[in-house]
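Everything below belongs to entry.tsv, which stores TSV, C-alpha atoms.
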```tsv
chain	number	residue	atom	x	y	z
A	1	VAL	CA	-10.88	-14.29	16.38
A	2	SER	CA	-8.66	-17.05	17.63
A	3	THR	CA	-8.05	-18.20	21.17
A	4	GLN	CA	-4.54	-19.18	22.16
A	5	SER	CA	-3.18	-20.56	25.39
A	6	THR	CA	0.32	-19.39	26.30
A	7	GLY	CA	2.08	-20.58	29.44
A	8	PHE	CA	-0.06	-19.73	32.45
A	9	HIS	CA	-2.22	-17.20	30.59
A	10	ASP	CA	-5.16	-17.69	28.29
A	11	CYS	CA	-5.75	-14.88	25.86
A	12	THR	CA	-7.92	-14.11	22.89
A	13	VAL	CA	-6.08	-12.82	19.88
A	14	SER	CA	-8.00	-10.83	17.33
A	15	LEU	CA	-6.23	-10.07	14.07
A	16	LYS	CA	-7.25	-6.76	12.52
A	17	THR	CA	-6.37	-4.90	9.36
A	18	CYS	CA	-6.21	-1.16	8.85
A	19	MET	CA	-7.33	-1.48	5.21
A	20	PRO	CA	-10.94	-0.44	5.96
A	21	TYR	CA	-9.51	2.73	7.50
A	22	ALA	CA	-7.33	3.28	4.43
A	23	ARG	CA	-10.40	2.92	2.23
A	24	SER	CA	-12.37	5.37	4.36
A	25	ARG	CA	-9.55	7.90	4.66
A	26	LEU	CA	-8.03	7.72	1.18
A	27	LEU	CA	-10.87	6.72	-1.14
A	28	ASP	CA	-14.41	7.05	0.22
A	29	THR	CA	-14.05	10.78	0.83
A	30	ARG	CA	-13.43	11.46	-2.86
A	31	ASP	CA	-16.12	12.69	-5.21
A	32	ASP	CA	-14.74	10.86	-8.26
A	33	LYS	CA	-14.99	7.24	-7.07
A	34	GLU	CA	-15.74	6.08	-10.62
A	35	ASN	CA	-12.21	7.20	-11.59
A	36	ILE	CA	-10.43	5.19	-8.87
A	37	VAL	CA	-8.79	1.79	-9.26
A	38	VAL	CA	-7.36	-0.18	-6.34
A	39	ALA	CA	-4.28	-2.07	-7.51
A	40	PHE	CA	-2.55	-4.98	-5.87
A	41	PRO	CA	1.13	-5.73	-6.61
A	42	ASP	CA	0.49	-9.48	-6.53
A	43	ASP	CA	-2.19	-12.16	-6.08
A	44	GLY	CA	-1.37	-12.47	-2.37
A	45	ALA	CA	-2.24	-8.84	-1.64
A	46	HIS	CA	-5.37	-9.20	-3.77
A	47	LYS	CA	-6.53	-12.24	-1.79
A	48	ARG	CA	-5.78	-10.62	1.58
A	49	PHE	CA	-7.32	-7.21	0.98
A	50	MET	CA	-9.82	-7.28	-1.88
A	51	SER	CA	-12.79	-7.66	0.48
A	52	CYS	CA	-11.85	-4.32	2.07
A	53	PHE	CA	-12.26	-2.49	-1.25
A	54	HIS	CA	-15.55	-3.93	-2.50
A	55	GLY	CA	-17.21	-1.62	-5.00
A	56	TYR	CA	-13.99	-0.24	-6.46
A	57	GLU	CA	-12.44	-1.26	-9.76
A	58	VAL	CA	-9.44	-3.52	-9.30
A	59	ALA	CA	-6.12	-4.08	-11.06
A	60	ILE	CA	-3.83	-6.99	-10.24
A	61	CYS	CA	-0.15	-7.03	-11.07
A	62	ALA	CA	2.18	-10.01	-10.85
A	63	LYS	CA	5.88	-10.76	-10.85
A	64	VAL	CA	6.77	-13.11	-13.71
A	65	ARG	CA	10.04	-14.75	-14.67
A	66	ASP	CA	11.52	-13.56	-17.93
A	67	GLY	CA	14.57	-15.73	-18.46
A	68	ASP	CA	16.91	-15.06	-15.54
A	69	SER	CA	15.17	-11.84	-14.56
A	70	ARG	CA	11.79	-10.99	-13.11
A	71	ARG	CA	9.43	-8.33	-14.30
A	72	VAL	CA	6.07	-7.02	-13.20
A	73	GLN	CA	3.08	-7.10	-15.50
A	74	LEU	CA	-0.57	-6.10	-15.27
A	75	ASN	CA	-2.58	-9.33	-15.20
A	76	ASP	CA	-6.06	-7.89	-14.76
A	77	GLY	CA	-7.81	-4.53	-14.77
A	78	ASP	CA	-7.93	-1.27	-16.72
A	79	VAL	CA	-6.18	1.80	-15.32
A	80	ASP	CA	-6.23	4.03	-18.41
A	81	GLY	CA	-7.12	7.57	-17.32
A	82	LYS	CA	-7.75	6.47	-13.72
A	83	ASP	CA	-6.32	7.39	-10.33
A	84	VAL	CA	-4.73	4.31	-8.79
A	85	LEU	CA	-4.11	3.35	-5.16
A	86	ILE	CA	-1.63	0.48	-4.87
A	87	VAL	CA	-2.23	-1.47	-1.65
A	88	ASP	CA	0.01	-3.94	0.16
A	89	ASP	CA	0.78	-4.78	3.78
A	90	LEU	CA	4.57	-4.50	4.00
A	91	VAL	CA	7.40	-2.84	2.10
A	92	ARG	CA	11.10	-3.57	2.52
A	93	SER	CA	13.01	-2.50	-0.59
A	94	GLY	CA	10.08	-1.08	-2.55
A	95	GLY	CA	11.24	-2.67	-5.80
A	96	THR	CA	7.98	-4.47	-6.55
A	97	LEU	CA	5.92	-1.36	-5.75
A	98	ILE	CA	8.06	0.79	-8.05
A	99	GLU	CA	7.89	-1.73	-10.89
A	100	CYS	CA	4.13	-2.10	-10.40
A	101	ALA	CA	3.73	1.71	-10.54
A	102	LYS	CA	5.82	1.86	-13.74
A	103	VAL	CA	3.59	-0.73	-15.41
A	104	LEU	CA	0.40	1.05	-14.29
A	105	LYS	CA	1.71	4.40	-15.55
A	106	ALA	CA	2.63	2.82	-18.89
A	107	LYS	CA	-0.94	1.47	-19.09
A	108	GLY	CA	-2.29	5.02	-18.75
A	109	ALA	CA	-2.82	5.57	-15.01
A	110	ARG	CA	-3.32	9.28	-14.40
A	111	LYS	CA	-2.23	9.44	-10.76
A	112	ILE	CA	-0.59	6.76	-8.60
A	113	GLU	CA	-0.59	6.62	-4.82
A	114	ILE	CA	0.51	3.81	-2.53
A	115	PHE	CA	-0.72	2.67	0.88
A	116	VAL	CA	1.43	0.23	2.85
A	117	PRO	CA	0.93	0.20	6.62
A	118	HIS	CA	4.26	-1.38	7.53
A	119	ALA	CA	7.19	0.49	5.95
A	120	CYS	CA	10.25	-1.45	7.13
A	121	PHE	CA	12.95	-0.09	4.78
A	122	PRO	CA	15.80	-1.85	6.66
A	123	LYS	CA	18.52	-0.23	4.54
A	124	ASP	CA	16.85	3.18	4.11
A	125	GLU	CA	15.36	2.15	0.76
A	126	TYR	CA	12.67	4.83	1.20
A	127	SER	CA	15.17	7.13	-0.54
A	128	ARG	CA	14.31	5.36	-3.82
A	129	PHE	CA	10.90	7.07	-3.66
A	130	LEU	CA	12.40	10.55	-3.33
A	131	LYS	CA	14.11	10.98	-6.70
A	132	ALA	CA	13.35	10.77	-10.39
A	133	PRO	CA	12.19	8.78	-12.22
A	134	VAL	CA	10.10	7.43	-9.30
A	135	THR	CA	8.84	10.89	-8.32
A	136	ASP	CA	7.57	11.29	-11.89
A	137	ILE	CA	5.45	8.15	-11.49
A	138	ILE	CA	4.29	8.00	-7.86
A	139	ASP	CA	2.40	10.96	-6.43
A	140	LYS	CA	2.07	10.00	-2.75
A	141	PHE	CA	3.11	7.16	-0.45
A	142	TYR	CA	0.98	6.61	2.66
A	143	ILE	CA	2.43	4.60	5.54
A	144	THR	CA	1.62	4.20	9.22
A	145	ASP	CA	3.87	4.81	12.19
A	146	SER	CA	4.13	1.06	12.91
A	147	VAL	CA	7.88	0.89	12.19
A	148	LYS	CA	9.30	3.70	14.31
A	149	GLY	CA	12.89	3.64	13.00
A	150	SER	CA	11.81	4.07	9.37
A	151	VAL	CA	9.16	6.65	10.19
A	152	ASP	CA	11.54	8.80	12.22
A	153	LYS	CA	13.99	8.93	9.30
A	154	ILE	CA	11.25	9.61	6.75
A	155	MET	CA	9.69	12.38	8.86
A	156	ALA	CA	13.10	14.04	9.29
A	157	LEU	CA	13.29	14.44	5.50
A	158	GLU	CA	10.17	16.65	5.40
A	159	SER	CA	9.38	15.22	1.97
A	160	GLY	CA	5.97	15.65	0.40
A	161	MET	CA	6.16	12.12	-1.00
A	162	PHE	CA	5.38	10.35	2.27
A	163	GLU	CA	2.39	10.89	4.53
A	164	VAL	CA	2.33	9.06	7.86
A	165	LEU	CA	-1.03	7.95	9.21
A	166	SER	CA	-1.14	7.47	12.96
A	167	LEU	CA	-1.88	3.97	14.21
A	168	SER	CA	-3.53	5.45	17.29
A	169	ALA	CA	-5.99	7.30	15.04
A	170	ILE	CA	-6.57	4.11	13.05
A	171	LEU	CA	-7.20	2.08	16.21
A	172	LEU	CA	-9.53	4.75	17.51
A	173	ALA	CA	-11.44	4.71	14.23
A	174	MET	CA	-11.65	0.91	14.50
A	175	ARG	CA	-12.97	1.37	18.05
A	176	LEU	CA	-10.36	-0.88	19.65
```
How does the structure come out when it is put into structure tokens?
Amino acid sequence: VSTQSTGFHDCTVSLKTCMPYARSRLLDTRDDKENIVVAFPDDGAHKRFMSCFHGYEVAICAKVRDGDSRRVQLNDGDVDGKDVLIVDDLVRSGGTLIECAKVLKAKGARKIEIFVPHACFPKDEYSRFLKAPVTDIIDKFYITDSVKGSVDKIMALESGMFEVLSLSAILLAMRL
């Protein structure tokens, strides 16, 4: 909790994450926890959210330079025969998430789902997740309704790929 003074008002700002809710809603309810791996697309996501997924196996991907191009590789973890939940805080184009999912599938992941609370998709890049080969790799993409413009467009598609979790339900569960 941090206290900030702004103009004539003093306020306390408390930064929260919805990752504990994601864990509770998407993972803890499952009977096969030993078959679940939480994957992070990069070290930053791992550092920010690992503490929310204590007790689960972890996989960490990373973007690496390969000449003039970049590629994603699995730096740590075993996903062979496991169900994987890729976790990050924000998605814009989705490129890193797709490349991460491809690598995890190639390493033997059985099922791949994604949870990203803030789905920005400024140029409607969500459409990348609605066609092959991506639909052959990613089984479900969970987002919240934090970015109304993107969510409205995604909901209008009535696609089974995306599931929108309500921020009001998350905040209620967090008792805010």
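Using all atoms listed in the file, the contacts of region 91-103 of chain A at a cut-off of 7 Å, with sequence neighbours closer than 6 positions omitted, comprise Pro41, Cys61, Val72, Gln73, Leu74, Ile112, Val116, His118, Ala119, Cys120, Phe121, Pro122, Glu125, Ile137 and Ile138 of chain A.
Remark: for Tyr21 (chain A), the closest of the candidate residues A:Ser69, A:Thr144, A:Ser159, A:Asn75 is A:Thr144 (distances computed over only C-alpha atoms).
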- Of the candidates A:Ala59, A:Phe129, A:Ala22, A:Ala169, which one gets nearest to His46 (chain A) if we count all atoms listed in the file? A:Ala59
- Give me the residues within 12 Å of Gly44 (chain A) as an NGL selection string, counting all atoms listed in the file and dropping any in the same chain fewer than 5 places off. :A and (39 or 49-50 or 60-63 or 87-90)
- Task: Point out the residue among A:Lys47, A:Lys16, A:Lys140, A:Lys131 with the least atom-to-atom distance to Phe115 (chain A), counting only C-alpha atoms.
- Result: A:Lys140
Some atoms are absent from region 54-65 of chain A, so rebuild all heavy atoms and return them as an mmCIF file, in the coordinates of the input.
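As written to disk, selection_39.cif reads:
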```
data_model
loop_
_atom_site.group_PDB
_atom_site.id
_atom_site.type_symbol
_atom_site.label_atom_id
_atom_site.label_comp_id
_atom_site.auth_asym_id
_atom_site.auth_seq_id
_atom_site.Cartn_x
_atom_site.Cartn_y
_atom_site.Cartn_z
ATOM 1 N N HIS A 54 -14.395 -3.556 -1.688
ATOM 2 C CA HIS A 54 -15.550 -3.930 -2.500
ATOM 3 C C HIS A 54 -16.209 -2.685 -3.077
ATOM 4 O O HIS A 54 -16.357 -1.673 -2.400
ATOM 5 C CB HIS A 54 -16.561 -4.701 -1.639
ATOM 6 C CG HIS A 54 -17.686 -5.260 -2.422
ATOM 7 N ND1 HIS A 54 -18.841 -4.573 -2.645
ATOM 8 C CD2 HIS A 54 -17.805 -6.447 -3.062
ATOM 9 C CE1 HIS A 54 -19.648 -5.303 -3.390
ATOM 10 N NE2 HIS A 54 -19.046 -6.448 -3.646
ATOM 11 N N GLY A 55 -16.565 -2.749 -4.331
ATOM 12 C CA GLY A 55 -17.210 -1.620 -5.000
ATOM 13 C C GLY A 55 -16.261 -0.771 -5.831
ATOM 14 O O GLY A 55 -16.711 0.060 -6.618
ATOM 15 N N TYR A 56 -14.973 -0.961 -5.659
ATOM 16 C CA TYR A 56 -13.990 -0.240 -6.460
ATOM 17 C C TYR A 56 -13.461 -1.135 -7.576
ATOM 18 O O TYR A 56 -13.373 -2.347 -7.420
ATOM 19 C CB TYR A 56 -12.808 0.237 -5.595
ATOM 20 C CG TYR A 56 -13.161 1.424 -4.740
ATOM 21 C CD1 TYR A 56 -13.576 1.256 -3.431
ATOM 22 C CD2 TYR A 56 -13.108 2.711 -5.253
ATOM 23 C CE1 TYR A 56 -13.917 2.342 -2.643
ATOM 24 C CE2 TYR A 56 -13.452 3.806 -4.475
ATOM 25 C CZ TYR A 56 -13.864 3.611 -3.177
ATOM 26 O OH TYR A 56 -14.209 4.690 -2.404
ATOM 27 N N GLU A 57 -13.102 -0.515 -8.694
ATOM 28 C CA GLU A 57 -12.440 -1.260 -9.760
ATOM 29 C C GLU A 57 -11.103 -1.756 -9.238
ATOM 30 O O GLU A 57 -10.482 -1.115 -8.386
ATOM 31 C CB GLU A 57 -12.207 -0.372 -10.978
ATOM 32 C CG GLU A 57 -13.463 -0.038 -11.746
ATOM 33 C CD GLU A 57 -13.129 0.740 -13.001
ATOM 34 O OE1 GLU A 57 -12.304 0.255 -13.808
ATOM 35 O OE2 GLU A 57 -13.683 1.833 -13.150
ATOM 36 N N VAL A 58 -10.646 -2.874 -9.786
ATOM 37 C CA VAL A 58 -9.440 -3.520 -9.300
ATOM 38 C C VAL A 58 -8.466 -3.788 -10.444
ATOM 39 O O VAL A 58 -8.883 -4.090 -11.565
ATOM 40 C CB VAL A 58 -9.802 -4.867 -8.618
ATOM 41 C CG1 VAL A 58 -8.570 -5.680 -8.294
ATOM 42 C CG2 VAL A 58 -10.613 -4.621 -7.368
ATOM 43 N N ALA A 59 -7.189 -3.667 -10.140
ATOM 44 C CA ALA A 59 -6.120 -4.080 -11.060
ATOM 45 C C ALA A 59 -5.177 -4.987 -10.266
ATOM 46 O O ALA A 59 -4.897 -4.716 -9.097
ATOM 47 C CB ALA A 59 -5.363 -2.875 -11.594
ATOM 48 N N ILE A 60 -4.720 -6.043 -10.910
ATOM 49 C CA ILE A 60 -3.830 -6.990 -10.240
ATOM 50 C C ILE A 60 -2.565 -7.147 -11.070
ATOM 51 O O ILE A 60 -2.611 -7.513 -12.240
ATOM 52 C CB ILE A 60 -4.498 -8.373 -10.076
ATOM 53 C CG1 ILE A 60 -5.839 -8.230 -9.360
ATOM 54 C CG2 ILE A 60 -3.566 -9.325 -9.310
ATOM 55 C CD1 ILE A 60 -6.688 -9.480 -9.411
ATOM 56 N N CYS A 61 -1.449 -6.843 -10.434
ATOM 57 C CA CYS A 61 -0.150 -7.030 -11.070
ATOM 58 C C CYS A 61 0.440 -8.357 -10.604
ATOM 59 O O CYS A 61 -0.061 -8.967 -9.665
ATOM 60 C CB CYS A 61 0.799 -5.889 -10.711
ATOM 61 S SG CYS A 61 0.311 -4.308 -11.441
ATOM 62 N N ALA A 62 1.500 -8.777 -11.249
ATOM 63 C CA ALA A 62 2.180 -10.010 -10.850
ATOM 64 C C ALA A 62 3.628 -9.955 -11.282
ATOM 65 O O ALA A 62 3.961 -9.360 -12.307
ATOM 66 C CB ALA A 62 1.497 -11.218 -11.497
ATOM 67 N N LYS A 63 4.476 -10.589 -10.473
ATOM 68 C CA LYS A 63 5.880 -10.760 -10.850
ATOM 69 C C LYS A 63 5.970 -12.034 -11.684
ATOM 70 O O LYS A 63 5.451 -13.074 -11.285
ATOM 71 C CB LYS A 63 6.763 -10.896 -9.615
ATOM 72 C CG LYS A 63 6.956 -9.617 -8.852
ATOM 73 C CD LYS A 63 7.919 -9.818 -7.708
ATOM 74 C CE LYS A 63 7.119 -10.140 -6.472
ATOM 75 N NZ LYS A 63 7.910 -10.180 -5.245
ATOM 76 N N VAL A 64 6.606 -11.934 -12.845
ATOM 77 C CA VAL A 64 6.770 -13.110 -13.710
ATOM 78 C C VAL A 64 8.245 -13.247 -14.073
ATOM 79 O O VAL A 64 8.966 -12.260 -14.187
ATOM 80 C CB VAL A 64 5.916 -13.009 -14.993
ATOM 81 C CG1 VAL A 64 4.441 -13.068 -14.656
ATOM 82 C CG2 VAL A 64 6.213 -11.751 -15.766
ATOM 83 N N ARG A 65 8.655 -14.482 -14.240
ATOM 84 C CA ARG A 65 10.040 -14.750 -14.670
ATOM 85 C C ARG A 65 10.145 -14.498 -16.162
ATOM 86 O O ARG A 65 9.296 -14.908 -16.937
ATOM 87 C CB ARG A 65 10.430 -16.177 -14.352
ATOM 88 C CG ARG A 65 10.638 -16.416 -12.893
ATOM 89 C CD ARG A 65 11.383 -17.744 -12.700
ATOM 90 N NE ARG A 65 11.600 -17.974 -11.300
ATOM 91 C CZ ARG A 65 12.634 -17.526 -10.616
ATOM 92 N NH1 ARG A 65 13.545 -16.800 -11.212
ATOM 93 N NH2 ARG A 65 12.765 -17.786 -9.336
#
```
